[in-house]
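Notes for the one structure printed next.
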Amino acid sequence: MLTMEQAQDTVMEFVSPLPAKRMPLLRALGCVLAGPVVAGIPLPLFDNSAMDGFAVIADDTLAATTEAPRRLEVTEDVPAGAPPERAMRPGTAARIMTGAPIPIGADAVVIVENTRPGPSGTVEILRPAKAGDNIRPAGEDIAAGAVALSPGQILGPGELGLLSALGKSEVNAIRRPRVAIVTTGAELVEPGEELRPGAIYNSNRVALEASVLRAGGEMAQCMHASDDEAMLEEALRSCREADLLLTTGGVSVGEYDFVKRVLARLGDIKFWRVLMKPGKPVAFGTALGRPLFGLPGNPISTLVTFELLVAPALRRMSGRRECLPLTVQATLLSDVRRRPGRREYRQAITRYCDNGYVVQPSEKRGSAMLTSTVGANSLLVIPEESEGMRAGDRVSTIVLGHGGDEL
Ligand code: AMP
Ligand code: MG
């Protein structure tokens, strides 16, 4: 049986980044930039005012005070979005708005608060200005021709804003991995349908779809294959659009646990058990030329194995560098009892408190108890040899939905 580290290494070895694609900016949120973006224009594009006020020649304001203001003739209004009509002459000022271009010849902006209206078309400057005051010079953010974004950059709201400021409406980014999910189990009916005796609702379907979206993937297809080996094989073969295949259930050692057999027929099993709790039976391999995970059926096992094994694979396919889950150190808030054995991952709430993280594990610990996930944003890690942990212990907790390069 593999340790979690060995299983994660194996997964990383068999998945690689997908090709890049041009996409509209908003589609690229959270995606990884594929090539460098060079600024075609400087930012700011032209010298402009950082404040509402009056553009002046700084020398005209020397020694201005409230008692002895400098009176300047106001020659024009310069709103944002319109070029000034005149060059600035000594003894004049232009009323100017934030973001408006600085008139030629002006070298400072006096903020409104440091002025007062003077008689007939004049303004009184109450404080001296220095050259450069309240002016945002062209190119101070980035010069034309400079590299604005380098390949590998994760595109968040700020980076997308920068691309827009540079006039780009599309970006070349690694495309999102497309995932197909096949749920198994003759006992399952879809929510909204009628329950027959012995049946339960299919909850892994939506939990996995949501997990895929949160990990930056998108759904290609979602199917159900009862407990029928041929049906499962047929379903997997039909997922032509998918970059990664996921099944849930049918992967332990029960009589109906046929996922491994199908996986072996369609490709190559790399592992099928990992030393972890919950989720020991979890298969990984390549099938039909794509990575395939056979996740366990128990709802908590499904979520935990997704987070620890599938999400890293999706991040790798998305071109991210640090794909493994983000782990932080925290102080445990309540005692945890258990028998030593496999490394355990317990649903938990981690939060920042005073000067560090604290973690509260869920009381519920069954691998089918979905209420243990309510509010949980993390997985408390209980080391294999641990016989339990005490409140106050320093422990590791894995932040759900985050890779190492997200903090
Ligand atoms: P299995 O590995 O197929 O024996 O499934 C283990 C447990 O998980 C059983 O109790 C199943 O009923 C349950 N299970 C399997 N698939 C799902 C699913 N899609 N939604 C909810 N429970 C499931
Ligand atoms: Mg089953």
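Note on naming: chains are A, B, ... as they come in the structure tokens, residues start from 1 per chain, ligands start from 1 in the order shown.
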
Near Gly297 of chain A, counting only C-alpha atoms, which residues have an atom at most 8 Å away, once you skip same-chain residues fewer than 3 positions from it, shown as a ChimeraX atom specification?
/A:204,248-251,301-302

Using only C-alpha atoms, which residues sit within 8 Å of Ala93 of chain A once same-chain residues fewer than 2 positions away are excluded, as a ChimeraX atom specification?
/A:54-57,72-76,88,91,95,123

Can I get the selection written as a PDB file, in the first residue's frame, with C-alpha atoms?
ATOM      1  CA  PHE A  54      -5.836  72.944 -10.347  1.00  0.00           C
ATOM      2  CA  ALA A  55      -2.984  72.300 -12.762  1.00  0.00           C
ATOM      3  CA  VAL A  56      -0.372  75.019 -12.263  1.00  0.00           C
ATOM      4  CA  ILE A  57       3.215  75.982 -12.869  1.00  0.00           C
ATOM      5  CA  LEU A  72      -4.134  82.676 -10.888  1.00  0.00           C
ATOM      6  CA  GLU A  73      -6.425  83.112 -13.884  1.00  0.00           C
ATOM      7  CA  VAL A  74      -8.454  79.936 -14.579  1.00  0.00           C
ATOM      8  CA  THR A  75      -8.200  79.352 -18.342  1.00  0.00           C
ATOM      9  CA  GLU A  76     -10.114  76.091 -18.813  1.00  0.00           C
ATOM     10  CA  MET A  88      -0.226  76.592 -19.554  1.00  0.00           C
ATOM     11  CA  GLY A  91      -0.018  83.177 -14.026  1.00  0.00           C
ATOM     12  CA  ARG A  95      -9.341  73.259 -13.224  1.00  0.00           C
ATOM     13  CA  VAL A 123      -8.454  80.802  -8.162  1.00  0.00           C
TER      14      VAL A 123
END

Show me, as a CSV table (one decimal) with all heavy atoms, in the first residue's frame, the residues that have an atom within 6 Å of Ala180 of chain A when counting only C-alpha atoms, minus same-chain residues fewer than 4 positions from it.
chain,number,residue,atom,x,y,z
A,220,ALA,N,-17.1,17.9,-18.3
A,220,ALA,CA,-17.3,17.5,-19.7
A,220,ALA,C,-18.6,16.7,-19.7
A,220,ALA,O,-19.4,16.9,-20.6
A,220,ALA,CB,-16.2,16.6,-20.1
A,221,GLN,N,-18.8,15.8,-18.8
A,221,GLN,CA,-19.9,14.9,-18.8
A,221,GLN,C,-20.2,14.3,-17.4
A,221,GLN,O,-19.2,14.2,-16.7
A,221,GLN,CB,-19.5,13.7,-19.7
A,221,GLN,CG,-20.4,13.3,-20.8
A,221,GLN,CD,-19.7,12.4,-21.8
A,221,GLN,OE1,-18.5,12.5,-22.1
A,221,GLN,NE2,-20.4,11.3,-22.2
A,222,CYS,N,-21.4,13.8,-17.2
A,222,CYS,CA,-21.7,13.2,-15.9
A,222,CYS,C,-22.6,12.1,-16.2
A,222,CYS,O,-23.7,12.3,-16.8
A,222,CYS,CB,-22.2,14.2,-14.9
A,222,CYS,SG,-21.9,13.7,-13.3
A,242,ALA,N,-13.3,14.4,-22.4
A,242,ALA,CA,-12.7,14.6,-21.1
A,242,ALA,C,-11.2,14.4,-21.1
A,242,ALA,O,-10.6,13.6,-21.8
A,242,ALA,CB,-13.3,13.6,-20.1
A,245,LEU,N,-10.8,11.3,-16.1
A,245,LEU,CA,-12.0,10.5,-15.8
A,245,LEU,C,-12.1,10.3,-14.3
A,245,LEU,O,-11.0,10.0,-13.6
A,245,LEU,CB,-11.9,9.2,-16.5
A,245,LEU,CG,-11.7,9.3,-18.0
A,245,LEU,CD1,-11.4,7.9,-18.6
A,245,LEU,CD2,-12.9,9.9,-18.7

Produce as JSON, numbers by chain the set of residues near ligand 2, where near means within 12 Å with only C-alpha atoms and all ligand atoms considered.
{"A": [182, 183, 184, 185, 186, 187, 188, 199, 200, 202, 204, 224, 225, 226, 227, 228, 229, 247, 248, 249, 250, 251, 252, 253, 254, 255, 256, 257, 258, 259, 294, 295, 296, 297, 298, 299]}

Give me a file of those residues, with N, CA and C atoms, as a JSON list (two decimals), in the first residue's frame.
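Now in selection_33.json:
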[["chain", "number", "residue", "atom", "x", "y", "z"],
["A", 182, "VAL", "N", -18.33, 9.39, -13.61],
["A", 182, "VAL", "CA", -19.29, 8.29, -13.69],
["A", 182, "VAL", "C", -19.55, 7.80, -12.27],
["A", 183, "THR", "N", -20.78, 7.94, -11.80],
["A", 183, "THR", "CA", -21.12, 7.40, -10.49],
["A", 183, "THR", "C", -21.59, 5.96, -10.69],
["A", 184, "THR", "N", -21.36, 5.12, -9.67],
["A", 184, "THR", "CA", -21.81, 3.74, -9.77],
["A", 184, "THR", "C", -22.65, 3.38, -8.55],
["A", 185, "GLY", "N", -23.44, 2.34, -8.67],
["A", 185, "GLY", "CA", -24.23, 1.88, -7.54],
["A", 185, "GLY", "C", -25.69, 1.72, -7.92],
["A", 186, "ALA", "N", -26.18, 0.47, -7.81],
["A", 186, "ALA", "CA", -27.57, 0.18, -8.17],
["A", 186, "ALA", "C", -28.54, 0.83, -7.19],
["A", 187, "GLU", "N", -28.01, 1.22, -6.02],
["A", 187, "GLU", "CA", -28.89, 1.78, -4.98],
["A", 187, "GLU", "C", -29.20, 3.26, -5.18],
["A", 188, "LEU", "N", -28.57, 3.90, -6.16],
["A", 188, "LEU", "CA", -28.64, 5.36, -6.24],
["A", 188, "LEU", "C", -29.77, 5.85, -7.13],
["A", 199, "ALA", "N", -33.13, 2.27, -1.70],
["A", 199, "ALA", "CA", -32.40, 3.24, -2.51],
["A", 199, "ALA", "C", -31.95, 4.43, -1.66],
["A", 200, "ILE", "N", -30.92, 5.10, -2.12],
["A", 200, "ILE", "CA", -30.49, 6.36, -1.50],
["A", 200, "ILE", "C", -30.24, 7.37, -2.62],
["A", 202, "ASN", "N", -28.20, 9.99, -4.86],
["A", 202, "ASN", "CA", -26.83, 10.17, -5.35],
["A", 202, "ASN", "C", -26.31, 11.53, -4.87],
["A", 204, "ASN", "N", -22.78, 12.02, -4.30],
["A", 204, "ASN", "CA", -21.40, 12.23, -4.76],
["A", 204, "ASN", "C", -21.34, 12.97, -6.09],
["A", 224, "HIS", "N", -24.25, 7.86, -14.97],
["A", 224, "HIS", "CA", -24.41, 6.89, -13.90],
["A", 224, "HIS", "C", -24.37, 5.49, -14.50],
["A", 225, "ALA", "N", -23.69, 4.57, -13.81],
["A", 225, "ALA", "CA", -23.51, 3.25, -14.40],
["A", 225, "ALA", "C", -23.97, 2.11, -13.51],
["A", 226, "SER", "N", -24.94, 2.34, -12.65],
["A", 226, "SER", "CA", -25.45, 1.25, -11.81],
["A", 226, "SER", "C", -24.31, 0.40, -11.26],
["A", 227, "ASP", "N", -24.44, -0.93, -11.29],
["A", 227, "ASP", "CA", -23.33, -1.77, -10.85],
["A", 227, "ASP", "C", -22.96, -2.73, -11.96],
["A", 228, "ASP", "N", -22.96, -2.23, -13.14],
["A", 228, "ASP", "CA", -22.82, -3.07, -14.32],
["A", 228, "ASP", "C", -21.47, -2.78, -14.99],
["A", 229, "GLU", "N", -20.66, -3.80, -15.05],
["A", 229, "GLU", "CA", -19.30, -3.63, -15.58],
["A", 229, "GLU", "C", -19.30, -3.11, -17.02],
["A", 247, "THR", "N", -14.44, 8.08, -11.36],
["A", 247, "THR", "CA", -15.59, 7.24, -11.00],
["A", 247, "THR", "C", -15.71, 7.30, -9.49],
["A", 248, "THR", "N", -16.87, 6.96, -9.00],
["A", 248, "THR", "CA", -17.04, 6.87, -7.55],
["A", 248, "THR", "C", -17.82, 5.62, -7.20],
["A", 249, "GLY", "N", -17.36, 4.94, -6.15],
["A", 249, "GLY", "CA", -17.97, 3.68, -5.72],
["A", 249, "GLY", "C", -17.38, 2.51, -6.50],
["A", 250, "GLY", "N", -17.70, 1.31, -6.01],
["A", 250, "GLY", "CA", -17.29, 0.10, -6.73],
["A", 250, "GLY", "C", -15.79, -0.14, -6.76],
["A", 251, "VAL", "N", -15.09, 0.41, -5.75],
["A", 251, "VAL", "CA", -13.63, 0.31, -5.86],
["A", 251, "VAL", "C", -13.03, -0.42, -4.66],
["A", 252, "SER", "N", -13.88, -0.88, -3.72],
["A", 252, "SER", "CA", -13.31, -1.61, -2.58],
["A", 252, "SER", "C", -13.27, -3.10, -2.93],
["A", 253, "VAL", "N", -13.45, -3.98, -1.98],
["A", 253, "VAL", "CA", -13.27, -5.40, -2.31],
["A", 253, "VAL", "C", -14.59, -6.17, -2.32],
["A", 254, "GLY", "N", -15.70, -5.42, -2.28],
["A", 254, "GLY", "CA", -17.01, -6.07, -2.34],
["A", 254, "GLY", "C", -17.22, -6.77, -3.69],
["A", 255, "GLU", "N", -18.24, -7.55, -3.74],
["A", 255, "GLU", "CA", -18.50, -8.36, -4.93],
["A", 255, "GLU", "C", -18.78, -7.51, -6.17],
["A", 256, "TYR", "N", -19.35, -6.32, -5.93],
["A", 256, "TYR", "CA", -19.72, -5.49, -7.07],
["A", 256, "TYR", "C", -18.65, -4.47, -7.41],
["A", 257, "ASP", "N", -17.47, -4.67, -6.85],
["A", 257, "ASP", "CA", -16.45, -3.65, -6.99],
["A", 257, "ASP", "C", -15.60, -3.93, -8.24],
["A", 258, "PHE", "N", -16.17, -3.49, -9.32],
["A", 258, "PHE", "CA", -15.68, -3.87, -10.64],
["A", 258, "PHE", "C", -14.86, -2.78, -11.30],
["A", 259, "VAL", "N", -14.72, -1.62, -10.63],
["A", 259, "VAL", "CA", -14.03, -0.50, -11.25],
["A", 259, "VAL", "C", -12.60, -0.88, -11.61],
["A", 294, "GLY", "N", -10.41, 6.11, -9.56],
["A", 294, "GLY", "CA", -11.56, 5.39, -9.04],
["A", 294, "GLY", "C", -11.70, 5.78, -7.57],
["A", 295, "LEU", "N", -12.58, 6.73, -7.31],
["A", 295, "LEU", "CA", -12.73, 7.22, -5.93],
["A", 295, "LEU", "C", -13.69, 6.32, -5.17],
["A", 296, "PRO", "N", -13.53, 6.25, -3.85],
["A", 296, "PRO", "CA", -14.45, 5.44, -3.05],
["A", 296, "PRO", "C", -15.87, 5.99, -3.09],
["A", 297, "GLY", "N", -16.81, 5.18, -2.67],
["A", 297, "GLY", "CA", -18.21, 5.59, -2.73],
["A", 297, "GLY", "C", -18.68, 6.37, -1.52],
["A", 298, "ASN", "N", -18.10, 6.07, -0.37],
["A", 298, "ASN", "CA", -18.54, 6.78, 0.83],
["A", 298, "ASN", "C", -18.31, 8.28, 0.66],
["A", 299, "PRO", "N", -19.35, 9.07, 0.91],
["A", 299, "PRO", "CA", -19.28, 10.49, 0.57],
["A", 299, "PRO", "C", -18.08, 11.25, 1.14]]

Residues at most 7 Å from Met51 of chain A, counting only C-alpha atoms, excluding those fewer than 4 positions away in the same chain, as a ChimeraX atom specification?
/A:97-98,111,134

Please extract the residues of segment 27-156 of chain A with a backbone DSSP assignment of strand (DSSP E or B) and present them as a PyMOL selection string.
chain A and resi 32-33+37-38+43+48-49+53-56+70-78+92-96+101+108-111+115-118+122-125+135-136+142+147-149+154

When distances are computed from only C-alpha atoms, which of A:Gly30, A:Pro278, A:Gly366, A:Pro325 shows the smallest separation from Leu400 of chain A?
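For Leu400 of chain A, the nearest of the given residues is A:Pro325.
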
Using only C-alpha atoms and all ligand atoms, which residue out of A:Lys260, A:Arg205, A:Arg237, A:Arg346 lies closest to ligand 1?
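Selected residue with least distance to ligand 1: A:Arg205.
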
Quick one: residues within 9 Å of segment 395-398 of chain A, only C-alpha atoms, excluding same-chain residues fewer than 4 positions away - as a PyMOL selection string?
chain A and resi 325-332+345+348+350+359+377-382+389+402
